[in-house]
Amino acid sequence: MNPRRLFIASCISLIASAFSFVVRQDVLPAWGQSFTLSASQLGSIGGQAFFGMAAAMLVGAPLCDKLGMKFMLGMAFLCHLVGTIVTIATPYIASPGDSAFLTLCIATFLVGAANGFVEIGINPLAATLYPTEKTHMLNVLHAWWPGGLMLGGLISLALSYGLGIEVGGLGKDPAATQFGWQIKMAIILIPTILYGAIFLGAKLPKTERVEAGISSKEMYSQALRPLFLLWAFCMLLTASTELAPQGMQSLVLEKTAGMNGTIILVYTSLIMFILRHFAGPIAHAVSPVGMLIGSSVLSAIGLFALSYATDTITAIGAATIFGLGIVYFWPTMLGVTAERFPRGGAFLLGIMGCVGNIAISQAQPAMGSINDRVTISSMSPDIRSKVVDNNVVVGEKVKALPQAEQDLVLTAQKEGASQSFRYVTVLPLILVVLFTGIALYDKSRGGYKPEEISSAKIDQAKVSSDY
């Protein structure tokens with residue numbers, strides 16, 4: 001099998017991961033309504049996807065070279081399949097409340113683990129197939145994350161209209177809501193089956209590190225290099241800045257701007273999809289670290305502006321700035337890891353993904369908690385006693401209030417949603433300082449320089465080796 005087909009299959013597997021993300025954030029409001037879940041619980045469910053991804057990467061990273069990239073992608077296929085089916089079956093195997101919450105957490109963890117195994121397989125595969133173009137090709141590969149978000153979001157929105165569900169994920173009646181979000185979840189199975197069929201019938205090359213004959217001991221030692229430890233810390237902040245707000249957009253923007261978060265996600269994904277194909281020339285002009293400084297500045301401005309968005313125009317304007325900011329975060333962090341620490345191989349790439357997802361698994365529930373806490377504290381004691389039960393604003397109790405009091409609750413919810421975005425703004429501000437420091441360090445040493453461990457390009461014989 002030729003390298004191009006392997007690369008295309010890698011892109012499809014990333015589309016499956018993106019589908020799982022965009023559909024989940026689109027149906028979160030429907031889960032809250034169908035299963036009586038709070039914003040904190042919904043944030044925790046969303047966080048399980050990233051915790052599962054981190055766990056898969058933590059387990060898979062040191063084993064990828066030994067078991068092979070094909071094994072990792074087989075595990076991804078299995079977890080995507082099982083996790084999605086269990087999610088769809090939740091209304092039939094769990095009751096509303098804690099039972100449904102636990103079931104959705106487990107199912108979402110499995111889907112997240114699938115996304116982790118995808119990353120463990122495709123990132124070293126891309127670095128192996130294109131050893132002299134790592135940052136550029138990893139950006140092109142990861143263009144299919146926003147590409148998948150865009151495609152999945154459009155399909156999800158089309159299903160909302162086609163199934164008679166109000167855009168935003170809230171059904172006109174419980175049956176329509178349940179059936180609607182289950183159909184949406186099922187679209188994850190399409191790219192899953194496709195990439196599974198391609199990879200399970202393919203032969204994959206050995207990783208670049210194995211091909212270069214670098215020992216496992218040397219590979220593990222790379223994780224202790226001070227610059228890598230700093231880079232991993234930066235990954236904590238870039239991942240939280242990019243993906244935690246994206247995962248909460250539907251919950252937040254429906255409250256603050258009266259706009260469906262999935263529409264914003266599709267729009268920002270289009271920006272990211274296009275610009276990631278031009279990462280190579282930009283990185284050559286300003287260096288990958290220079291790209292990340294600009295990304296951090298724009299992300300901070302965009303997040304702060306999103307926290308003040310009150311209508312469609314301000315939401316789209318702020319989202320444009322935020323989308324431009326997060327374009328190059330994830331793939332460039334991986335690309336620099338592959339270029340500056342190639343002897344760390346799949347292990348360091350997996351560690352970076354693991355670190356990033358641990359951060360997101362905590363950041364998204366934290367945003368949900370801030371949302372709930374600020375919402376409740378913004379209500380008068382009288383209103384709070386009428387609508388809050390166990391730190392949850394109960395929708396049915398809100399609907400029973402006079403319109404004037406419902407408006408007061410809505411104002412409090414808008415404040416809670418806005419603050420959940422505003423708190424995250426501090427993360428990209430810290431990144432500006434850290435990336436500037438790294439850029440100055442590079443300048444003192446003659447500029448950014450990738451390290452090469454092998455000048456040989458992958459040929460047909462390598463790709464055909466049975467690994």
# chains A, B, ... in the order shown; residues from 1 in each chain; ligands from 1
call {"tool": "select_by_dssp", "arguments": {"residues": "segment 252-416 of chain A", "states": "helix (DSSP H, G or I)", "output": "PyMOL selection string"}}
result
chain A and resi 252-256+261-276+279-286+288-306+312-326+329-340+342-377+381-387+395-399+403-416
call {"tool": "closest_atom_pairs", "arguments": {"of": "segment 390-435 of chain A", "to": "segment 16-37 of chain A", "cutoff": "9 Å", "atoms": "only C-alpha atoms", "output": "JSON lines"}}
result
{"residue": "A:Val392", "atom": "CA", "partner": "A:Leu37", "partner_atom": "CA", "distance": 7.9}
{"residue": "A:Val394", "atom": "CA", "partner": "A:Thr36", "partner_atom": "CA", "distance": 8.0}
{"residue": "A:Gly395", "atom": "CA", "partner": "A:Gln33", "partner_atom": "CA", "distance": 8.0}
call {"tool": "write_last_selection", "arguments": {"atoms": "C-alpha atoms", "output": "PDB file, in the first residue's frame"}}
result
ATOM      1  CA  VAL A 392     -28.746  22.237  39.678  1.00  0.00           C
ATOM      2  CA  VAL A 394     -34.072  22.685  37.273  1.00  0.00           C
ATOM      3  CA  GLY A 395     -35.555  23.643  33.915  1.00  0.00           C
TER       4      GLY A 395
END
call {"tool": "residues_around", "arguments": {"residues": "Gly116 of chain A", "least_positions_apart": "3", "cutoff": "6 Å", "atoms": "only C-alpha atoms", "output": "list of chain:residue names"}}
result
A:Met53, A:Ala56, A:Met57, A:Ala113, A:Glu119
call {"tool": "atom_distance", "arguments": {"atom1": "atom CA of Lys255 of chain A", "atom2": "atom CA of Val327 of chain A"}}
result
25.5 Å
call {"tool": "closest_residue", "arguments": {"among": "A:Gly153, A:Gly317, A:Gly112, A:Gly147", "to": "Phe50 of chain A", "atoms": "only C-alpha atoms"}}
result
A:Gly112
call {"tool": "select_by_dssp", "arguments": {"residues": "segment 328-399 of chain A", "states": "strand (DSSP E)", "output": "PyMOL selection string"}}
result
chain A and resi 388-389+392-393
call {"tool": "residues_around", "arguments": {"residues": "segment 70-86 of chain A", "least_positions_apart": "2", "cutoff": "7 Å", "atoms": "only C-alpha atoms", "output": "PDB file with N, CA and C atoms, in the first residue's frame"}}
result
ATOM      1  N   CYS A  64       3.677   1.593  21.436  1.00  0.00           N
ATOM      2  CA  CYS A  64       3.412   1.727  20.007  1.00  0.00           C
ATOM      3  C   CYS A  64       4.514   1.101  19.154  1.00  0.00           C
ATOM      4  N   LEU A  67       4.232  -2.905  19.700  1.00  0.00           N
ATOM      5  CA  LEU A  67       3.029  -3.565  19.179  1.00  0.00           C
ATOM      6  C   LEU A  67       2.683  -3.129  17.766  1.00  0.00           C
ATOM      7  N   GLY A  68       3.156  -1.953  17.374  1.00  0.00           N
ATOM      8  CA  GLY A  68       2.914  -1.473  16.021  1.00  0.00           C
ATOM      9  C   GLY A  68       1.770  -0.483  15.928  1.00  0.00           C
ATOM     10  N   ILE A  88     -25.606   5.414  22.239  1.00  0.00           N
ATOM     11  CA  ILE A  88     -26.910   5.366  21.589  1.00  0.00           C
ATOM     12  C   ILE A  88     -27.911   4.554  22.414  1.00  0.00           C
ATOM     13  N   ALA A  89     -27.414   3.518  23.096  1.00  0.00           N
ATOM     14  CA  ALA A  89     -28.289   2.626  23.866  1.00  0.00           C
ATOM     15  C   ALA A  89     -28.598   3.142  25.269  1.00  0.00           C
ATOM     16  N   THR A  90     -28.011   4.262  25.691  1.00  0.00           N
ATOM     17  CA  THR A  90     -28.180   4.763  27.059  1.00  0.00           C
ATOM     18  C   THR A  90     -29.636   4.875  27.509  1.00  0.00           C
ATOM     19  N   ALA A 107     -19.318   5.441  28.361  1.00  0.00           N
ATOM     20  CA  ALA A 107     -19.349   5.413  26.900  1.00  0.00           C
ATOM     21  C   ALA A 107     -18.465   6.509  26.314  1.00  0.00           C
ATOM     22  N   THR A 108     -18.519   7.692  26.911  1.00  0.00           N
ATOM     23  CA  THR A 108     -17.716   8.809  26.417  1.00  0.00           C
ATOM     24  C   THR A 108     -16.232   8.559  26.664  1.00  0.00           C
ATOM     25  N   LEU A 110     -14.810   5.622  26.539  1.00  0.00           N
ATOM     26  CA  LEU A 110     -14.397   4.687  25.489  1.00  0.00           C
ATOM     27  C   LEU A 110     -14.165   5.407  24.165  1.00  0.00           C
ATOM     28  N   VAL A 111     -15.072   6.317  23.819  1.00  0.00           N
ATOM     29  CA  VAL A 111     -14.893   7.076  22.578  1.00  0.00           C
ATOM     30  C   VAL A 111     -13.637   7.936  22.668  1.00  0.00           C
ATOM     31  N   ALA A 113     -11.002   7.216  24.452  1.00  0.00           N
ATOM     32  CA  ALA A 113      -9.870   6.295  24.319  1.00  0.00           C
ATOM     33  C   ALA A 113      -9.610   5.988  22.851  1.00  0.00           C
ATOM     34  N   ALA A 114     -10.684   5.847  22.082  1.00  0.00           N
ATOM     35  CA  ALA A 114     -10.537   5.618  20.643  1.00  0.00           C
ATOM     36  C   ALA A 114      -9.793   6.776  19.998  1.00  0.00           C
ATOM     37  N   ASN A 115     -10.169   7.993  20.357  1.00  0.00           N
ATOM     38  CA  ASN A 115      -9.496   9.170  19.808  1.00  0.00           C
ATOM     39  C   ASN A 115      -8.018   9.185  20.190  1.00  0.00           C
ATOM     40  N   PHE A 117      -6.107   6.443  20.810  1.00  0.00           N
ATOM     41  CA  PHE A 117      -5.416   5.422  20.018  1.00  0.00           C
ATOM     42  C   PHE A 117      -5.222   5.885  18.577  1.00  0.00           C
ATOM     43  N   VAL A 118      -6.188   6.668  18.062  1.00  0.00           N
ATOM     44  CA  VAL A 118      -6.019   7.239  16.723  1.00  0.00           C
ATOM     45  C   VAL A 118      -4.762   8.113  16.688  1.00  0.00           C
ATOM     46  N   ILE A 120      -2.189   8.079  18.707  1.00  0.00           N
ATOM     47  CA  ILE A 120      -0.991   7.269  18.919  1.00  0.00           C
ATOM     48  C   ILE A 120      -0.548   6.608  17.615  1.00  0.00           C
ATOM     49  N   GLY A 121      -1.509   6.248  16.770  1.00  0.00           N
ATOM     50  CA  GLY A 121      -1.174   5.596  15.519  1.00  0.00           C
ATOM     51  C   GLY A 121      -0.799   6.550  14.399  1.00  0.00           C
ATOM     52  N   MET A 185     -25.612  10.694  16.883  1.00  0.00           N
ATOM     53  CA  MET A 185     -24.487   9.890  17.361  1.00  0.00           C
ATOM     54  C   MET A 185     -24.113   8.805  16.362  1.00  0.00           C
ATOM     55  N   LEU A 189     -20.308   6.374  13.275  1.00  0.00           N
ATOM     56  CA  LEU A 189     -19.982   5.029  12.808  1.00  0.00           C
ATOM     57  C   LEU A 189     -19.535   5.006  11.342  1.00  0.00           C
ATOM     58  N   THR A 192     -15.813   5.679  11.084  1.00  0.00           N
ATOM     59  CA  THR A 192     -15.189   4.625  11.883  1.00  0.00           C
ATOM     60  C   THR A 192     -15.059   3.341  11.077  1.00  0.00           C
ATOM     61  N   GLY A 196     -11.499   1.809   9.671  1.00  0.00           N
ATOM     62  CA  GLY A 196     -11.218   0.466  10.177  1.00  0.00           C
ATOM     63  C   GLY A 196     -10.978  -0.517   9.052  1.00  0.00           C
ATOM     64  N   PHE A 199      -7.378   0.317   7.385  1.00  0.00           N
ATOM     65  CA  PHE A 199      -6.200   0.000   8.189  1.00  0.00           C
ATOM     66  C   PHE A 199      -6.095  -1.482   8.532  1.00  0.00           C
ATOM     67  N   LEU A 200      -7.222  -2.126   8.808  1.00  0.00           N
ATOM     68  CA  LEU A 200      -7.158  -3.535   9.187  1.00  0.00           C
ATOM     69  C   LEU A 200      -6.691  -4.411   8.038  1.00  0.00           C
ATOM     70  N   LEU A 204       1.581  -1.620   7.624  1.00  0.00           N
ATOM     71  CA  LEU A 204       2.135  -0.315   7.990  1.00  0.00           C
ATOM     72  C   LEU A 204       3.637  -0.408   8.209  1.00  0.00           C
TER      73      LEU A 204
END
call {"tool": "residues_around", "arguments": {"residues": "segment 122-125 of chain A", "least_positions_apart": "6", "cutoff": "7 Å", "atoms": "only C-alpha atoms", "output": "PDB file with C-alpha atoms, in the first residue's frame"}}
result
ATOM      1  CA  SER A  10      -5.186   8.606   8.811  1.00  0.00           C
ATOM      2  CA  THR A 207       8.208   3.974  13.135  1.00  0.00           C
ATOM      3  CA  ALA A 346       6.024   7.763  19.181  1.00  0.00           C
TER       4      ALA A 346
END
call {"tool": "residues_around", "arguments": {"residues": "Met379 of chain A", "least_positions_apart": "3", "cutoff": "12 Å", "atoms": "only C-alpha atoms", "output": "list in words"}}
result
Asp372, Arg373, Val374, Thr375, Ile376, Asp382, Ile383, Arg384, Ser385, Lys386, Val387, Val388, Val393, Glu405, Gln406, Asp407, Leu408, Val409, Leu410, Thr411, Ala412, Gln413, Lys414, Glu415 and Gly416 of chain A
call {"tool": "atom_distance", "arguments": {"atom1": "atom CA of Leu237 of chain A", "atom2": "atom CA of Ile8 of chain A"}}
result
29.6 Å
call {"tool": "decode", "arguments": {"residues": "segment 299-414 of chain A", "atoms": "C-alpha atoms", "output": "tab-separated table (two decimals), in the first residue's frame"}}
result
chain	number	residue	atom	x	y	z
A	299	SER	CA	-6.68	33.20	21.36
A	300	ALA	CA	-6.62	35.45	24.43
A	301	ILE	CA	-8.34	38.29	22.56
A	302	GLY	CA	-10.90	35.91	21.04
A	303	LEU	CA	-11.81	34.19	24.30
A	304	PHE	CA	-12.19	37.47	26.14
A	305	ALA	CA	-14.39	38.83	23.36
A	306	LEU	CA	-16.51	35.64	23.32
A	307	SER	CA	-17.23	36.12	27.01
A	308	TYR	CA	-18.87	39.46	26.14
A	309	ALA	CA	-20.73	38.25	23.01
A	310	THR	CA	-24.42	39.09	23.33
A	311	ASP	CA	-25.75	38.55	19.82
A	312	THR	CA	-24.98	36.85	16.49
A	313	ILE	CA	-22.71	39.60	15.17
A	314	THR	CA	-20.51	39.85	18.26
A	315	ALA	CA	-20.40	36.05	18.61
A	316	ILE	CA	-19.21	35.59	15.01
A	317	GLY	CA	-16.68	38.42	15.32
A	318	ALA	CA	-15.20	37.04	18.53
A	319	ALA	CA	-15.26	33.48	17.17
A	320	THR	CA	-13.30	34.60	14.11
A	321	ILE	CA	-10.48	35.93	16.27
A	322	PHE	CA	-10.57	32.83	18.49
A	323	GLY	CA	-10.60	30.53	15.44
A	324	LEU	CA	-7.55	32.28	13.98
A	325	GLY	CA	-5.84	31.90	17.35
A	326	ILE	CA	-6.27	28.18	17.83
A	327	VAL	CA	-5.55	27.17	14.21
A	328	TYR	CA	-2.00	25.96	14.75
A	329	PHE	CA	-1.91	24.99	18.43
A	330	TRP	CA	-2.30	21.20	18.52
A	331	PRO	CA	-0.54	20.12	15.28
A	332	THR	CA	2.33	22.58	15.68
A	333	MET	CA	2.96	21.44	19.25
A	334	LEU	CA	3.20	17.88	17.89
A	335	GLY	CA	5.24	18.97	14.88
A	336	VAL	CA	7.83	20.73	17.04
A	337	THR	CA	7.98	17.66	19.30
A	338	ALA	CA	8.70	15.45	16.28
A	339	GLU	CA	11.29	17.90	14.90
A	340	ARG	CA	13.15	18.83	18.09
A	341	PHE	CA	12.92	15.49	19.91
A	342	PRO	CA	12.82	12.85	17.11
A	343	ARG	CA	14.70	10.34	19.23
A	344	GLY	CA	11.68	10.26	21.53
A	345	GLY	CA	9.62	8.85	18.66
A	346	ALA	CA	6.02	7.76	19.18
A	347	PHE	CA	6.57	7.82	22.96
A	348	LEU	CA	7.04	11.59	23.20
A	349	LEU	CA	4.25	12.28	20.70
A	350	GLY	CA	1.97	10.13	22.85
A	351	ILE	CA	3.08	11.84	26.04
A	352	MET	CA	2.27	15.23	24.52
A	353	GLY	CA	-1.20	14.07	23.55
A	354	CYS	CA	-1.69	12.51	26.98
A	355	VAL	CA	-0.67	15.70	28.77
A	356	GLY	CA	-2.95	17.78	26.56
A	357	ASN	CA	-5.95	15.59	27.14
A	358	ILE	CA	-5.45	15.36	30.89
A	359	ALA	CA	-5.58	19.15	30.89
A	360	ILE	CA	-8.76	19.25	28.82
A	361	SER	CA	-10.40	16.55	30.96
A	362	GLN	CA	-10.04	18.90	33.92
A	363	ALA	CA	-10.59	22.23	32.14
A	364	GLN	CA	-13.97	21.37	30.63
A	365	PRO	CA	-15.60	20.25	33.92
A	366	ALA	CA	-14.03	23.31	35.56
A	367	MET	CA	-15.77	25.51	33.01
A	368	GLY	CA	-19.05	23.74	33.77
A	369	SER	CA	-18.54	24.26	37.50
A	370	ILE	CA	-17.80	27.95	37.03
A	371	ASN	CA	-20.95	28.20	34.93
A	372	ASP	CA	-23.11	26.60	37.65
A	373	ARG	CA	-21.50	28.45	40.55
A	374	VAL	CA	-21.71	31.92	39.02
A	375	THR	CA	-25.23	31.28	37.74
A	376	ILE	CA	-26.49	30.31	41.19
A	377	SER	CA	-24.60	33.08	43.01
A	378	SER	CA	-26.02	35.65	40.58
A	379	MET	CA	-29.60	34.84	41.62
A	380	SER	CA	-31.37	36.44	44.53
A	381	PRO	CA	-31.95	34.09	47.50
A	382	ASP	CA	-35.68	34.08	46.74
A	383	ILE	CA	-35.26	33.00	43.11
A	384	ARG	CA	-32.53	30.54	44.07
A	385	SER	CA	-34.82	28.75	46.53
A	386	LYS	CA	-37.41	28.27	43.80
A	387	VAL	CA	-35.29	26.83	40.99
A	388	VAL	CA	-32.12	25.29	42.45
A	389	ASP	CA	-32.08	21.69	43.65
A	390	ASN	CA	-28.76	20.08	44.70
A	391	ASN	CA	-26.80	22.84	42.90
A	392	VAL	CA	-28.75	22.24	39.68
A	393	VAL	CA	-31.00	24.80	38.04
A	394	VAL	CA	-34.07	22.69	37.27
A	395	GLY	CA	-35.56	23.64	33.92
A	396	GLU	CA	-39.10	22.60	34.79
A	397	LYS	CA	-39.04	24.75	37.92
A	398	VAL	CA	-37.82	27.71	35.86
A	399	LYS	CA	-40.69	27.29	33.37
A	400	ALA	CA	-43.20	27.38	36.24
A	401	LEU	CA	-42.06	30.85	37.30
A	402	PRO	CA	-43.72	34.11	36.17
A	403	GLN	CA	-42.06	35.54	33.06
A	404	ALA	CA	-40.36	38.34	35.01
A	405	GLU	CA	-38.64	35.83	37.29
A	406	GLN	CA	-37.73	33.59	34.32
A	407	ASP	CA	-35.95	36.59	32.83
A	408	LEU	CA	-33.96	37.03	36.05
A	409	VAL	CA	-32.89	33.39	35.89
A	410	LEU	CA	-31.85	33.82	32.25
A	411	THR	CA	-29.76	36.86	33.19
A	412	ALA	CA	-27.99	34.81	35.86
A	413	GLN	CA	-27.40	31.96	33.38
A	414	LYS	CA	-25.88	34.39	30.89
